[in-house]
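S.K.: Below is the file upload17.csv, which contains CSV, C-alpha atoms.
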chain,number,residue,atom,x,y,z
Q,1,MET,CA,8.1,16.7,4.9
Q,2,THR,CA,11.9,16.9,4.6
Q,3,ALA,CA,14.7,18.8,6.2
Q,4,THR,CA,15.7,20.1,2.8
Q,5,GLY,CA,12.2,20.7,1.5
Q,6,ARG,CA,12.9,18.8,-1.7
Q,7,MET,CA,10.4,16.3,-3.2
Q,8,PRO,CA,11.7,13.0,-4.4
Q,9,PRO,CA,11.6,12.9,-8.2
Q,10,PRO,CA,8.5,11.1,-9.6
Q,11,VAL,CA,8.9,7.8,-11.4
Q,12,ASP,CA,6.6,5.7,-13.6
Q,13,PHE,CA,5.4,2.3,-12.4
Q,14,ASP,CA,4.4,-0.4,-14.9
Q,15,GLY,CA,3.9,-3.9,-13.6
Q,16,ILE,CA,1.8,-6.5,-11.8
Q,17,VAL,CA,1.1,-6.1,-8.1
Q,18,TYR,CA,-0.8,-8.2,-5.6
Q,19,ARG,CA,-3.1,-7.8,-2.7
Q,20,ALA,CA,-4.4,-10.4,-0.2
Q,21,HIS,CA,-7.5,-9.2,1.6
Q,22,ASN,CA,-10.6,-10.3,3.5
Q,23,PRO,CA,-12.8,-12.4,1.2
Q,24,ARG,CA,-15.8,-10.3,2.5
Q,25,TRP,CA,-14.6,-7.5,0.2
Q,26,ALA,CA,-13.6,-9.5,-2.9
Q,27,TYR,CA,-16.3,-7.9,-4.9
Q,28,ARG,CA,-14.6,-4.4,-4.5
Q,29,PRO,CA,-10.9,-5.2,-5.0
Q,30,THR,CA,-10.0,-1.6,-6.0
Q,31,SER,CA,-12.1,0.4,-3.5
Q,32,GLY,CA,-9.5,1.6,-0.9
Q,33,GLU,CA,-12.4,2.1,1.5
Q,34,GLY,CA,-11.0,-0.2,4.2
Q,35,ALA,CA,-7.9,2.0,4.4
Q,36,ALA,CA,-10.1,5.1,4.5
Q,37,ARG,CA,-12.1,3.6,7.3
Q,38,HIS,CA,-9.2,2.5,9.5
Q,39,GLY,CA,-6.2,4.5,8.3
Q,40,GLY,CA,-2.9,2.9,7.3
Q,41,ARG,CA,0.8,3.4,7.5
Q,42,PHE,CA,0.6,5.9,4.5
Q,43,ASN,CA,-2.9,7.2,4.8
Q,44,ARG,CA,-4.9,8.8,7.6
Q,45,LYS,CA,-8.5,7.9,8.3
Q,46,GLY,CA,-10.8,9.4,5.6
Q,47,ARG,CA,-8.2,9.0,2.8
Q,48,PRO,CA,-8.8,6.1,0.5
Q,49,ALA,CA,-5.6,4.1,-0.3
Q,50,LEU,CA,-5.0,1.0,-2.3
Q,51,TYR,CA,-2.2,-1.0,-0.6
Q,52,THR,CA,-0.6,-3.6,-2.9
Q,53,SER,CA,2.6,-5.6,-2.9
Q,54,LEU,CA,5.2,-6.3,-5.6
Q,55,ASP,CA,5.1,-10.0,-5.0
Q,56,ILE,CA,2.7,-12.6,-3.7
Q,57,THR,CA,4.7,-13.4,-0.5
Q,58,THR,CA,4.7,-9.8,0.6
Q,59,ALA,CA,1.0,-9.5,-0.1
Q,60,TRP,CA,0.3,-12.5,2.1
Q,61,LEU,CA,2.6,-11.2,4.9
Q,62,GLU,CA,0.9,-7.8,4.8
Q,63,ALA,CA,-2.6,-9.3,5.0
Q,64,GLN,CA,-1.6,-11.6,7.9
Q,65,GLN,CA,0.0,-8.8,10.0
Q,66,GLY,CA,0.8,-10.4,13.3
Q,67,PHE,CA,-0.5,-13.8,12.4
Q,68,PRO,CA,2.1,-15.3,10.0
Q,69,PHE,CA,1.7,-18.7,11.6
Q,70,LYS,CA,-2.1,-18.8,12.0
Q,71,ALA,CA,-3.2,-18.2,8.4
Q,72,GLN,CA,-6.6,-16.7,8.0
Q,73,PRO,CA,-8.8,-17.0,4.8
Q,74,MET,CA,-7.7,-14.4,2.2
Q,75,THR,CA,-8.6,-13.5,-1.4
Q,76,LEU,CA,-5.5,-13.0,-3.5
Q,77,VAL,CA,-5.9,-10.5,-6.3
Q,78,ALA,CA,-3.4,-9.5,-9.0
Q,79,TYR,CA,-3.6,-6.0,-10.6
Q,80,ARG,CA,-2.0,-4.6,-13.8
Q,81,VAL,CA,-0.8,-1.1,-12.8
Q,82,ARG,CA,0.4,1.6,-15.2
Q,83,CYS,CA,0.9,4.7,-13.1
Q,84,ALA,CA,2.8,8.0,-13.5
Q,85,ARG,CA,4.0,10.2,-10.6
Q,86,ILE,CA,5.1,7.5,-8.1
Q,87,SER,CA,7.6,8.3,-5.4
Q,88,ASP,CA,10.2,5.6,-4.9
Q,89,LEU,CA,10.7,5.6,-1.1
Q,90,THR,CA,12.5,2.2,-1.4
Q,91,ASP,CA,15.6,3.8,-3.0
Q,92,PRO,CA,17.9,4.9,-0.2
Q,93,ALA,CA,19.6,7.6,-2.4
Q,94,THR,CA,16.2,9.1,-3.2
Q,95,VAL,CA,15.2,9.1,0.4
Q,96,THR,CA,18.5,10.7,1.5
Q,97,ALA,CA,18.4,13.3,-1.2
Q,98,ALA,CA,14.9,14.4,-0.3
Q,99,GLY,CA,15.9,14.7,3.4
Q,100,ILE,CA,13.5,12.0,4.5
Q,101,ASP,CA,14.3,10.2,7.7
Q,102,PRO,CA,14.1,6.4,7.0
Q,103,ALA,CA,12.7,5.9,10.5
Q,104,ASP,CA,9.7,8.0,9.5
Q,105,LEU,CA,8.7,5.3,7.0
Q,106,GLY,CA,8.7,2.5,9.6
Q,107,CYS,CA,7.3,4.5,12.5
Q,108,ALA,CA,4.9,2.9,15.0
Q,109,TRP,CA,2.0,4.7,13.2
Q,110,GLU,CA,-0.8,2.8,15.0
Q,111,ASP,CA,0.6,3.6,18.4
Q,112,LEU,CA,1.2,7.2,17.5
Q,113,ALA,CA,-2.3,7.7,16.0
Q,114,SER,CA,-4.1,6.0,18.9
Q,115,GLY,CA,-2.2,8.3,21.3
Q,116,GLY,CA,-3.4,11.4,19.3
Q,117,ALA,CA,-0.1,12.1,17.6
Q,118,GLN,CA,0.3,12.6,13.8
Q,119,PRO,CA,2.5,9.7,12.5
Q,120,PRO,CA,5.4,11.0,10.4
Q,121,SER,CA,4.4,8.6,7.7
Q,122,TRP,CA,1.0,10.3,7.4
Q,123,GLN,CA,2.7,13.7,7.2
Q,124,LEU,CA,5.0,12.4,4.4
Q,125,ALA,CA,2.0,10.9,2.5
Q,126,ASP,CA,0.1,14.2,2.9
Q,127,GLU,CA,2.9,16.2,1.4
Q,128,LEU,CA,3.3,13.7,-1.5
Q,129,ILE,CA,-0.4,13.9,-2.2
Q,130,ARG,CA,-0.3,17.7,-2.2
Q,131,ALA,CA,2.5,17.5,-4.7
Q,132,ALA,CA,0.3,15.4,-7.0
Q,133,PHE,CA,2.0,12.1,-6.5
Q,134,HIS,CA,-0.4,9.2,-7.3
Q,135,GLY,CA,1.3,6.9,-4.9
Q,136,ALA,CA,4.6,5.6,-3.5
Q,137,LEU,CA,6.8,2.5,-3.6
Q,138,VAL,CA,7.5,1.8,0.1
Q,139,PRO,CA,9.3,-0.8,2.1
Q,140,SER,CA,7.2,-3.5,3.7
Q,141,PHE,CA,7.4,-3.6,7.5
Q,142,ALA,CA,5.4,-6.9,7.8
Q,143,PRO,CA,7.0,-9.5,9.9
Q,144,ALA,CA,8.9,-12.0,7.7
Q,145,PRO,CA,10.0,-15.0,9.7
Q,146,ASN,CA,12.9,-17.1,8.5
Q,147,ARG,CA,13.7,-14.6,5.7
Q,148,ALA,CA,17.3,-14.9,4.6
Q,149,PRO,CA,19.4,-11.7,5.0
Q,150,GLU,CA,20.5,-11.7,1.4
Q,151,ALA,CA,16.9,-11.9,0.1
Q,152,PRO,CA,15.7,-8.9,-1.8
Q,153,PRO,CA,13.7,-6.4,0.3
Q,154,LEU,CA,10.0,-6.7,0.5
Q,155,ARG,CA,8.2,-3.8,-1.2
Q,156,ASN,CA,4.7,-2.4,-1.6
Q,157,LEU,CA,3.0,0.1,-3.9
Q,158,VAL,CA,0.5,2.4,-2.1
Q,159,LEU,CA,-1.8,4.4,-4.3
Q,160,TRP,CA,-3.8,7.5,-3.3
Q,161,GLN,CA,-5.2,8.3,-6.7
Q,162,TRP,CA,-6.1,5.6,-9.2
Q,163,ALA,CA,-8.7,4.7,-11.8
Q,164,ASP,CA,-9.2,2.3,-14.6
Q,165,GLN,CA,-7.4,4.6,-17.0
Q,166,PRO,CA,-4.3,6.8,-17.2
Q,167,PRO,CA,-2.6,8.6,-15.6
Q,168,CYS,CA,-2.8,6.0,-12.9
Q,169,ALA,CA,-4.6,2.9,-14.3
Q,170,VAL,CA,-5.3,-0.1,-12.1
Q,171,LEU,CA,-7.0,-3.1,-13.6
Q,172,VAL,CA,-7.9,-6.2,-11.8
Q,173,ILE,CA,-6.7,-9.4,-13.4
Q,174,ASP,CA,-9.8,-11.7,-13.4
Q,175,ASP,CA,-9.7,-13.4,-16.8
Q,176,PHE,CA,-12.2,-16.1,-15.8
Q,177,GLY,CA,-14.6,-13.8,-13.8
Q,178,ARG,CA,-14.0,-15.6,-10.5
Q,179,LEU,CA,-14.4,-12.5,-8.3
Q,180,PRO,CA,-18.0,-12.0,-7.0
Q,181,LYS,CA,-19.9,-9.1,-8.5
Q,182,ASP,CA,-21.6,-8.1,-5.2
Q,183,GLY,CA,-21.5,-8.8,-1.5
Q,184,ALA,CA,-24.8,-10.9,-1.5
Q,185,GLY,CA,-23.0,-14.0,-0.2
Q,186,TRP,CA,-22.0,-12.2,2.9
Q,187,MET,CA,-25.4,-10.8,3.9
Q,188,PRO,CA,-26.9,-12.2,7.2
Q,189,ALA,CA,-29.4,-15.1,6.6
Please lay out the structure from this file as structure tokens.
M.R.:
Amino acid sequence: MTATGRMPPPVDFDGIVYRAHNPRWAYRPTSGEGAARHGGRFNRKGRPALYTSLDITTAWLEAQQGFPFKAQPMTLVAYRVRCARISDLTDPATVTAAGIDPADLGCAWEDLASGGAQPPSWQLADELIRAAFHGALVPSFAPAPNRAPEAPPLRNLVLWQWADQPPCAVLVIDDFGRLPKDGAGWMPA
């Protein structure tokens, strides 16, 4: 993982996060199966992961990857997260102290994986998972057109282990029961 072999220190995360996703899967907002099926920047195929963002704008940009000017239908979900053992890979001092190359976080993971190579971001995630981290705060690499240079950085929270109870509790905020309970509305006629 790192040139020094040191793990970043774990931090606790307690807050609200967001995820915009295909409405087809609105009845399973905490599944992580889409990431397991296709892989992601911080998870290889076969590893469930829940990708969330620390603000609504970042969630939208992440979901529209490559299509920020041609918006597609999305379901926006908010989650209450109380999770221990998170790696903060958005803190430059932490990344440097652990010997992590910042370029590994933003690697062209899809190109590498499709060419048969192991993306460094997958290798980093694998090592954090083996060290019993539940997830990581990571920079967003989604295109953000017209973003002011002085704007705060866009950040995501990626989880590899979560449940509806501690030590990594993720609860969907749906006070009015608006999310569907099953995928029946999406079945072919």
S.K.: For region 102-104 of chain Q, work out the shell of residues within 6 Å, counting all atoms listed in the file and skipping chain neighbours fewer than 2 positions away, then give it as a list of chain:residue names.
M.R.: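 Surrounding residues, per the criterion: Q:Gly106, Q:Cys107, Q:Pro120, Q:Ser121.
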S.K.: Would you mind listing what lies within 10 Å of Ile56 (chain Q) as a ChimeraX atom specification, with all atoms listed in the file counted and same-chain residues fewer than 3 positions away left out?
M.R.: /Q:17-20,52-53,59-62,76-78
S.K.: The selected residues should be written to file as a PDB file, keeping the file's coordinate frame (atoms: C-alpha atoms).
M.R.:
ATOM      1  CA  VAL Q  17       1.100  -6.100  -8.100  1.00  0.00           C
ATOM      2  CA  TYR Q  18      -0.800  -8.200  -5.600  1.00  0.00           C
ATOM      3  CA  ARG Q  19      -3.100  -7.800  -2.700  1.00  0.00           C
ATOM      4  CA  ALA Q  20      -4.400 -10.400  -0.200  1.00  0.00           C
ATOM      5  CA  THR Q  52      -0.600  -3.600  -2.900  1.00  0.00           C
ATOM      6  CA  SER Q  53       2.600  -5.600  -2.900  1.00  0.00           C
ATOM      7  CA  ALA Q  59       1.000  -9.500  -0.100  1.00  0.00           C
ATOM      8  CA  TRP Q  60       0.300 -12.500   2.100  1.00  0.00           C
ATOM      9  CA  LEU Q  61       2.600 -11.200   4.900  1.00  0.00           C
ATOM     10  CA  GLU Q  62       0.900  -7.800   4.800  1.00  0.00           C
ATOM     11  CA  LEU Q  76      -5.500 -13.000  -3.500  1.00  0.00           C
ATOM     12  CA  VAL Q  77      -5.900 -10.500  -6.300  1.00  0.00           C
ATOM     13  CA  ALA Q  78      -3.400  -9.500  -9.000  1.00  0.00           C
TER      14      ALA Q  78
END
S.K.: So, counting only C-alpha atoms, which residue among Q:Gly115, Q:Ile100, Q:Phe141, Q:Gly34 is closest to Arg6 (chain Q)?
M.R.: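 Ranked by minimum distance to Arg6 (chain Q), first place goes to Q:Ile100.
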S.K.: Using only C-alpha atoms, can you tell me which of Q:Gly185, Q:Asp174, Q:Pro153, Q:Trp160 comes closest to Asp126 (chain Q)?
M.R.: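 The shortest atom-to-atom distance to Asp126 (chain Q) comes from Q:Trp160.
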S.K.: Restricting the calculation to only C-alpha atoms: of Q:Asn146, Q:Gln165, Q:Tyr27, Q:Asp111, which residue gets closest to Thr75 (chain Q)?
M.R.: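 Looking only at the distances to Thr75 (chain Q), the closest residue turns out to be Q:Tyr27.
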S.K.: Which is closer to Leu154 (chain Q) than all the others in Q:Thr96, Q:Thr90, Q:Gln123, Q:Asn43, using only C-alpha atoms?
M.R.: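 Of all the options, Q:Thr90 lies closest to Leu154 (chain Q).
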S.K.: Expressed in Å to a single decimal, how great is the separation between CA of Ala136 (chain Q) and CA of Ile86 (chain Q)?
M.R.: 5.0 Å
S.K.: Taking only C-alpha atoms into account, name the residue in Q:Pro92, Q:Pro10, Q:Pro73, Q:Pro149 that is nearest to Ala26 (chain Q).
M.R.: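 So, comparing all the options, the nearest one is Q:Pro73.
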